[in-house]
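I have placed the structure first, in the form of structure tokens, so that the comments after it can refer back to it.
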Amino acid sequence: MTVAPLRIGNASGFYGDRFDAMREMLTGGPLDVLTGDYLAELTMLILGRDRLKNSSGGYARTFLGQLEECLGLAHERGVRIVANAGGLNPAGLADAVRQLADRLGIPVRVAHVEGDDLTAGHPRSLAAHAYLGGAGIAACLCEGADIVVTGRVTDAALVTGPAVAHFGWAPDAYDRLAGAVVAGHVLECGTQATGGNYAFFTDHDPARLRHPGFPLAELHEDGTSVITKHDGTSGLVDIGTVTAQLLYETSGARYAGPDVTARLDSVRLTQEAPDRVRVSGVRGEAPPPTLKVGLNRLGGYRNEVVFVLTGLDIEAKAALVRDQMEAALDTAKSRPTEVRWDLARTDHPDALTEETASALLRLVVRDPGQDAVGRTLSGAAIELALASYPGFHVIAPPGKGSPYGVFEDVYVPQGAVEHVAVLHDGRRVRVAPATDTLVLEPAPEPALPEPLPPGPTRRAPLGVVAGARSGDKGGNANVGVWVRSDDAWRWLVHQLTADRFQNLITESCHLKVVRHTLPNLRALNFVVEGILGEGVASQHRFDPQAKALGEWLRSRHLDIPEALL
């Protein structure tokens, strides 16, 4: 007997995403399950600090606000809700949802998943949480839960859990599970799959992308899916938007998780109809024997001051104030342990406005103690107000300094984590770890197509022919680059080597850059190790999550065959 497809949508890509998305998804068309992804590496740190102030906190409070408006709608339409909004306190959020439902008089069964919290075993961490799979979610749904809240699970688990509950897949149905993982990865960041943050946005009517609808997947029993959105909503779903999201925050061909390792090099995308992209061919392998654990801790204190340098002699002005500040910091009672300078040449010659005539010199300091980044920096900077370069001023005076976080990941055996489904009636069901596992190894590099024959070229930005999307994973960044034709692929795969990438993205020239090749997607994925320092919360660089690193790459000029332009 064939099981009907599972129609599963997304209403949140991060903590702070569009508040009205839950209502839009519930009223926009039919759904079986609505998911919400509220957690990121930085969010776990924010929630950890929240829990320090209030031990009953530690979860995404906006989720409760959305439910207050939409719980009745979901109940009337028979839509189940699965969200990782529990953060550091899924039991607390589950209780809060029950209290809300009682107050509204809506009979819903609320369950939660726990066991990810390993903070007690990492005493130097503010929050240490294992990335769980979807089996706990599936157990809750199979026992009749209407709402399941979790703590730290993989983003794709929000889809694999409902899929297992709906289709009854066995733990070793790796190809089907991998198909659900790919669908979940496409959905997890919300409107990034429907035209948001899309490299080729200028190819489309701006009105279409002004308020993109959230994505959904029609997931089939064999693991294939169709990525789409509700009829009548704005946005765009095509092979490009799906490819971009598939490449986001991934690395090699093996995309590992607690349920399955999905082979991204097996994914095939087909434009089935307008705003409908079929995902097929996904192969899966046994998951690795370990679980990733994200560790968040406070790294110390951070402060910054941005000097504005206007008009002529920009380099000389920067050198003068830098020498003055360094001398002041050297003679201070407590010099910051880390001092970093960056000069952004945003100035233009013969500029029509003062702002466009100005460059920005950014000084960032870090130290375990607050005084070294607060009083020391502010005193040194303010005392130069009448004693430095002509036109001296700053964007804003430095404050007292603020705490910054550090993220790192470690791995523990799957069996070391007590994965538990806490059912709506209070029963606790232990979720067994994976029995069949496979140590994760890099996939072999595929054979490359023949290069394009020689021909005339023209100097032009890479982005004329290639799209890109970039993001962060701890201290590393990934940049996925794809093209839309076979000829462009034949050119890109031979031209954009790891060495060429480092020449174009000069910030990476002294770092390790690894290139991964995904021919089915006509895509390359570059992992730049260490470019983000100790993770987003440390604010190591100007773009701390590497969100625009891909756009910088697209702006760099290469000799591109005229046949592609």
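Each chain in the structure tokens gets a letter, A, B, ..., in the order shown, and its residues are numbered from 1; ligands are numbered from 1 in order too.
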
Please provide as a PyMOL selection string all residues within 7 Å of Ala372 (chain A), with the sequence filter that same-chain residues fewer than 6 positions apart are discarded (counting only C-alpha atoms).
chain A and resi 334-336

With N, CA and C atoms kept, could you save the residues just selected as a tab-separated table (two decimals), in the first residue's frame?
chain	number	residue	atom	x	y	z
A	334	SER	N	47.29	47.99	31.63
A	334	SER	CA	46.95	46.64	31.13
A	334	SER	C	46.68	46.72	29.64
A	335	ARG	N	47.70	46.39	28.85
A	335	ARG	CA	47.53	46.37	27.40
A	335	ARG	C	46.68	45.16	27.01
A	336	PRO	N	45.71	45.34	26.10
A	336	PRO	CA	44.91	44.20	25.65
A	336	PRO	C	45.79	43.10	25.05

Got a sec: who's within 10 Å of Leu246 (chain A), counting only C-alpha atoms, leaving out chain neighbours fewer than 4 positions off, as a ChimeraX atom specification?
/A:182-187,193,240-242,250,264,267,469,480,521

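Checking A:Val33, A:Ala96, A:His393, A:Ala380 one by one against Asp330 (chain A), counting only C-alpha atoms, you find the shortest gap at A:Ala380.
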
Looking only at the backbone, which of the residues in region 165-267 of chain A does DSSP tag as alpha helix (DSSP H), as a PyMOL selection string?
chain A and resi 165-167+174-187+206-209+239-247

Distance query Glu408 (chain A) at most 9 Å, only C-alpha atoms, self and fewer than 5 positions along chain excluded, as a PDB file with N, CA, C and O atoms, in the first residue's frame:
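Listed below is the output, around_34.pdb:
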ATOM      1  N   VAL A 293      29.454  17.736  18.965  1.00  0.00           N
ATOM      2  CA  VAL A 293      29.044  18.496  20.141  1.00  0.00           C
ATOM      3  C   VAL A 293      29.540  19.925  19.966  1.00  0.00           C
ATOM      4  O   VAL A 293      30.742  20.149  19.764  1.00  0.00           O
ATOM      5  N   GLY A 294      28.624  20.876  20.021  1.00  0.00           N
ATOM      6  CA  GLY A 294      28.999  22.284  19.927  1.00  0.00           C
ATOM      7  C   GLY A 294      29.255  22.853  21.311  1.00  0.00           C
ATOM      8  O   GLY A 294      28.396  22.791  22.191  1.00  0.00           O
ATOM      9  N   LEU A 295      30.454  23.389  21.518  1.00  0.00           N
ATOM     10  CA  LEU A 295      30.836  23.987  22.799  1.00  0.00           C
ATOM     11  C   LEU A 295      30.845  25.501  22.668  1.00  0.00           C
ATOM     12  O   LEU A 295      31.510  26.058  21.791  1.00  0.00           O
ATOM     13  N   ASN A 296      30.106  26.169  23.515  1.00  0.00           N
ATOM     14  CA  ASN A 296      30.103  27.628  23.567  1.00  0.00           C
ATOM     15  C   ASN A 296      30.613  28.072  24.931  1.00  0.00           C
ATOM     16  O   ASN A 296      30.133  27.598  25.963  1.00  0.00           O
ATOM     17  N   ARG A 297      31.571  28.964  24.927  1.00  0.00           N
ATOM     18  CA  ARG A 297      32.089  29.503  26.183  1.00  0.00           C
ATOM     19  C   ARG A 297      32.379  30.985  26.010  1.00  0.00           C
ATOM     20  O   ARG A 297      32.490  31.484  24.882  1.00  0.00           O
ATOM     21  N   GLY A 474      31.642  27.073  12.702  1.00  0.00           N
ATOM     22  CA  GLY A 474      32.696  27.328  13.672  1.00  0.00           C
ATOM     23  C   GLY A 474      33.660  28.379  13.134  1.00  0.00           C
ATOM     24  O   GLY A 474      33.250  29.441  12.674  1.00  0.00           O
ATOM     25  N   GLY A 475      34.944  28.072  13.174  1.00  0.00           N
ATOM     26  CA  GLY A 475      35.941  29.019  12.669  1.00  0.00           C
ATOM     27  C   GLY A 475      36.184  28.926  11.181  1.00  0.00           C
ATOM     28  O   GLY A 475      36.957  29.712  10.628  1.00  0.00           O
ATOM     29  N   GLU A 534      37.664  32.053  16.133  1.00  0.00           N
ATOM     30  CA  GLU A 534      37.030  31.145  17.088  1.00  0.00           C
ATOM     31  C   GLU A 534      35.509  31.129  16.937  1.00  0.00           C
ATOM     32  O   GLU A 534      34.801  30.807  17.887  1.00  0.00           O
ATOM     33  N   GLY A 535      35.021  31.443  15.741  1.00  0.00           N
ATOM     34  CA  GLY A 535      33.590  31.375  15.479  1.00  0.00           C
ATOM     35  C   GLY A 535      32.928  32.728  15.467  1.00  0.00           C
ATOM     36  O   GLY A 535      33.522  33.757  15.812  1.00  0.00           O
TER      37      GLY A 535
END

Write down as an MDAnalysis selection string the residues belonging to region 120-285 of chain A that are assigned strand (DSSP E) by DSSP computed on the backbone.
chainID A and resid 127:130 147:149 215:219 225:229 254:256 261:263 268:273 276:280 283:285

With N, CA, C and O atoms retained, export the selected residues as a short mmCIF file (atom, residue, chain, number, x, y, z; two decimals), in the first residue's frame.
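Once everything was written out, this is result.cif:
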data_model
loop_
_atom_site.label_atom_id
_atom_site.label_comp_id
_atom_site.auth_asym_id
_atom_site.auth_seq_id
_atom_site.Cartn_x
_atom_site.Cartn_y
_atom_site.Cartn_z
N ALA A 127 27.59 26.42 27.31
CA ALA A 127 26.63 25.48 26.77
C ALA A 127 27.39 24.47 25.92
O ALA A 127 28.21 24.85 25.08
N ALA A 128 27.11 23.19 26.15
CA ALA A 128 27.71 22.11 25.36
C ALA A 128 26.60 21.16 24.97
O ALA A 128 25.99 20.53 25.83
N HIS A 129 26.33 21.07 23.68
CA HIS A 129 25.16 20.32 23.24
C HIS A 129 25.49 19.46 22.02
O HIS A 129 26.08 19.94 21.05
N ALA A 130 25.08 18.19 22.11
CA ALA A 130 25.25 17.25 21.00
C ALA A 130 24.17 17.48 19.97
O ALA A 130 23.02 17.81 20.29
N ILE A 147 2.60 18.65 18.98
CA ILE A 147 3.72 19.59 18.98
C ILE A 147 4.91 18.89 19.61
O ILE A 147 4.80 18.29 20.68
N VAL A 148 6.04 18.97 18.93
CA VAL A 148 7.30 18.43 19.46
C VAL A 148 8.32 19.54 19.48
O VAL A 148 8.58 20.18 18.45
N VAL A 149 8.89 19.79 20.66
CA VAL A 149 9.96 20.78 20.75
C VAL A 149 11.24 20.06 21.16
O VAL A 149 11.22 19.10 21.94
N PRO A 215 9.40 27.99 2.22
CA PRO A 215 9.41 26.78 1.38
C PRO A 215 8.69 25.61 2.03
O PRO A 215 8.48 25.56 3.26
N LEU A 216 8.34 24.65 1.21
CA LEU A 216 7.84 23.38 1.70
C LEU A 216 8.34 22.28 0.78
O LEU A 216 8.75 22.54 -0.36
N ALA A 217 8.29 21.05 1.29
CA ALA A 217 8.72 19.89 0.52
C ALA A 217 7.59 18.88 0.49
O ALA A 217 6.97 18.61 1.52
N GLU A 218 7.33 18.35 -0.68
CA GLU A 218 6.44 17.20 -0.82
C GLU A 218 7.33 15.97 -0.83
O GLU A 218 7.96 15.66 -1.84
N LEU A 219 7.41 15.32 0.30
CA LEU A 219 8.35 14.21 0.48
C LEU A 219 7.63 12.89 0.22
O LEU A 219 6.55 12.64 0.76
N SER A 225 11.71 14.06 -3.38
CA SER A 225 10.89 15.17 -2.90
C SER A 225 10.74 16.21 -4.00
O SER A 225 11.49 16.21 -4.99
N VAL A 226 9.78 17.08 -3.80
CA VAL A 226 9.62 18.27 -4.64
C VAL A 226 9.68 19.48 -3.72
O VAL A 226 8.91 19.57 -2.75
N ILE A 227 10.60 20.37 -3.98
CA ILE A 227 10.71 21.62 -3.22
C ILE A 227 9.81 22.64 -3.90
O ILE A 227 9.91 22.88 -5.11
N THR A 228 8.95 23.27 -3.12
CA THR A 228 8.01 24.23 -3.69
C THR A 228 7.63 25.24 -2.61
O THR A 228 8.32 25.38 -1.60
N LYS A 229 6.53 25.95 -2.83
CA LYS A 229 5.99 26.90 -1.85
C LYS A 229 4.50 26.97 -2.07
O LYS A 229 3.98 26.43 -3.06
N ARG A 254 30.20 14.05 1.23
CA ARG A 254 29.54 13.31 2.31
C ARG A 254 29.04 14.31 3.36
O ARG A 254 29.83 14.97 4.03
N TYR A 255 27.72 14.39 3.49
CA TYR A 255 27.09 15.30 4.45
C TYR A 255 26.60 14.44 5.61
O TYR A 255 25.57 13.78 5.55
N ALA A 256 27.39 14.42 6.69
CA ALA A 256 27.17 13.46 7.77
C ALA A 256 26.18 13.99 8.79
O ALA A 256 26.13 15.18 9.09
N THR A 261 24.49 9.44 6.52
CA THR A 261 25.39 10.31 5.76
C THR A 261 24.85 10.41 4.34
O THR A 261 24.76 9.40 3.62
N ALA A 262 24.44 11.61 3.97
CA ALA A 262 23.88 11.83 2.63
C ALA A 262 25.00 12.16 1.66
O ALA A 262 25.91 12.94 1.97
N ARG A 263 24.93 11.57 0.47
CA ARG A 263 25.92 11.84 -0.57
C ARG A 263 25.41 12.98 -1.44
O ARG A 263 24.55 12.80 -2.31
N ARG A 268 20.26 14.89 -7.73
CA ARG A 268 19.86 15.38 -9.06
C ARG A 268 18.65 16.29 -8.91
O ARG A 268 17.68 15.94 -8.22
N LEU A 269 18.73 17.45 -9.56
CA LEU A 269 17.65 18.44 -9.50
C LEU A 269 17.03 18.58 -10.87
O LEU A 269 17.73 18.68 -11.88
N THR A 270 15.69 18.62 -10.89
CA THR A 270 14.95 18.77 -12.14
C THR A 270 13.86 19.81 -11.94
O THR A 270 13.10 19.75 -10.96
N GLN A 271 13.80 20.77 -12.86
CA GLN A 271 12.72 21.76 -12.81
C GLN A 271 11.46 21.09 -13.35
O GLN A 271 11.27 20.97 -14.56
N GLU A 272 10.60 20.67 -12.45
CA GLU A 272 9.41 19.92 -12.83
C GLU A 272 8.32 20.83 -13.39
O GLU A 272 7.58 20.46 -14.30
N ALA A 273 8.22 22.04 -12.86
CA ALA A 273 7.22 23.04 -13.26
C ALA A 273 7.64 24.35 -12.60
O ALA A 273 8.57 24.36 -11.78
N ARG A 276 8.63 24.48 -8.82
CA ARG A 276 8.64 23.08 -8.37
C ARG A 276 9.92 22.42 -8.87
O ARG A 276 10.11 22.24 -10.07
N VAL A 277 10.80 22.07 -7.91
CA VAL A 277 12.07 21.42 -8.24
C VAL A 277 12.09 20.03 -7.61
O VAL A 277 11.94 19.89 -6.39
N ARG A 278 12.23 19.01 -8.47
CA ARG A 278 12.27 17.64 -7.97
C ARG A 278 13.70 17.29 -7.56
O ARG A 278 14.66 17.56 -8.29
N VAL A 279 13.82 16.67 -6.40
CA VAL A 279 15.10 16.21 -5.86
C VAL A 279 15.09 14.68 -5.89
O VAL A 279 14.24 14.05 -5.24
N SER A 280 16.00 14.08 -6.62
CA SER A 280 16.00 12.63 -6.77
C SER A 280 17.43 12.10 -6.78
O SER A 280 18.39 12.87 -6.81
N ARG A 283 21.67 9.24 -2.58
CA ARG A 283 22.17 8.01 -1.96
C ARG A 283 22.61 8.31 -0.53
O ARG A 283 23.08 9.41 -0.22
N GLY A 284 22.44 7.31 0.31
CA GLY A 284 22.83 7.46 1.70
C GLY A 284 23.75 6.35 2.16
O GLY A 284 23.79 5.26 1.57
N GLU A 285 24.48 6.61 3.21
CA GLU A 285 25.38 5.64 3.83
C GLU A 285 25.15 5.65 5.34
O GLU A 285 24.54 6.57 5.89
#

CA of Glu143 (chain A) to CA of His424 (chain A), distance in Å rounded to a single decimal:
8.1 Å

I'd like the contact shell of region 500-512 of chain A - 8 Å cut-off, only C-alpha atoms, skipping same-chain residues fewer than 3 positions apart - returned as a list in words.
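In the requested format, the answer is Gln495, Leu496, Thr497, Val528, Glu529, Gly530, Ile531, Trp552, Leu553 and Arg556 of chain A.
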
Got time to write the residues from that selection, C-alpha atoms, as a PDB file, in the first residue's frame?
ATOM      1  CA  GLN A 495      39.781  27.393 -13.802  1.00  0.00           C
ATOM      2  CA  LEU A 496      38.636  27.850 -10.208  1.00  0.00           C
ATOM      3  CA  THR A 497      41.174  25.698  -8.380  1.00  0.00           C
ATOM      4  CA  VAL A 528      38.438  27.990   4.171  1.00  0.00           C
ATOM      5  CA  GLU A 529      39.809  26.773   7.471  1.00  0.00           C
ATOM      6  CA  GLY A 530      40.281  29.238  10.314  1.00  0.00           C
ATOM      7  CA  ILE A 531      39.156  32.384   8.491  1.00  0.00           C
ATOM      8  CA  TRP A 552      33.238  39.072  -2.808  1.00  0.00           C
ATOM      9  CA  LEU A 553      34.424  36.092  -4.857  1.00  0.00           C
ATOM     10  CA  ARG A 556      36.595  39.341  -8.630  1.00  0.00           C
TER      11      ARG A 556
END

Which residues come within 6 Å of Thr150 (chain A), counting only C-alpha atoms, excluding same-chain residues fewer than 2 positions away, as a ChimeraX atom specification?
/A:84,86,90,112-113

May I ask which of the residues A:Tyr174, A:Asp32, A:Pro442, A:Asp50 is the closest one to Gly78 (chain A), counting only C-alpha atoms?
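For Gly78 (chain A), the nearest of the given residues is A:Asp32.
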
So which one's closest to Thr356 (chain A), A:Val308, A:Ala316, A:Ala548, A:Leu104? Using only C-alpha atoms, please.
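Closest candidate: A:Val308.
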
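Using only C-alpha atoms, the shortest contact distance between Leu565 (chain A) and any of A:Lys400, A:Arg458, A:Arg98, A:Arg522 is found at A:Arg458.
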
Can you pull out the residues contacting Pro368 (chain A)? Cut-off 8 Å, using only C-alpha atoms, and skip same-chain residues under 4 positions away; I want them as a short mmCIF file (atom, residue, chain, number, x, y, z; two decimals) with N, CA, C and O atoms, in the first residue's frame.
data_model
loop_
_atom_site.label_atom_id
_atom_site.label_comp_id
_atom_site.auth_asym_id
_atom_site.auth_seq_id
_atom_site.Cartn_x
_atom_site.Cartn_y
_atom_site.Cartn_z
N GLY A 299 34.78 33.95 25.89
CA GLY A 299 36.21 34.02 25.61
C GLY A 299 36.91 35.18 26.27
O GLY A 299 38.14 35.22 26.32
N GLY A 300 36.16 36.15 26.77
CA GLY A 300 36.75 37.35 27.34
C GLY A 300 35.92 38.56 26.97
O GLY A 300 34.70 38.46 26.77
N TYR A 301 36.60 39.71 26.82
CA TYR A 301 35.91 40.96 26.51
C TYR A 301 36.49 41.58 25.24
O TYR A 301 37.67 41.42 24.93
N THR A 337 45.42 41.87 25.28
CA THR A 337 46.23 40.76 24.79
C THR A 337 46.15 40.63 23.27
O THR A 337 47.05 40.08 22.65
#

Return the single residue from A:Ile560, A:Val306, A:Ile239, A:Ala537 that is closest to Asp472 (chain A), with distances computed using only C-alpha atoms.
A:Ala537

Counting only C-alpha atoms, which of A:Gly121, A:Pro561, A:Pro287, A:Gly48 gets nearest to Leu452 (chain A)?
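The answer is A:Pro561, which sits nearest to Leu452 (chain A).
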
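CA of Thr435 (chain A) to CA of Gln414 (chain A) spans 9.2 Å [interatomic distance, one decimal].
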
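As for CA of Ala94 (chain A) and CA of Gly190 (chain A), they are spaced 23.3 Å apart.
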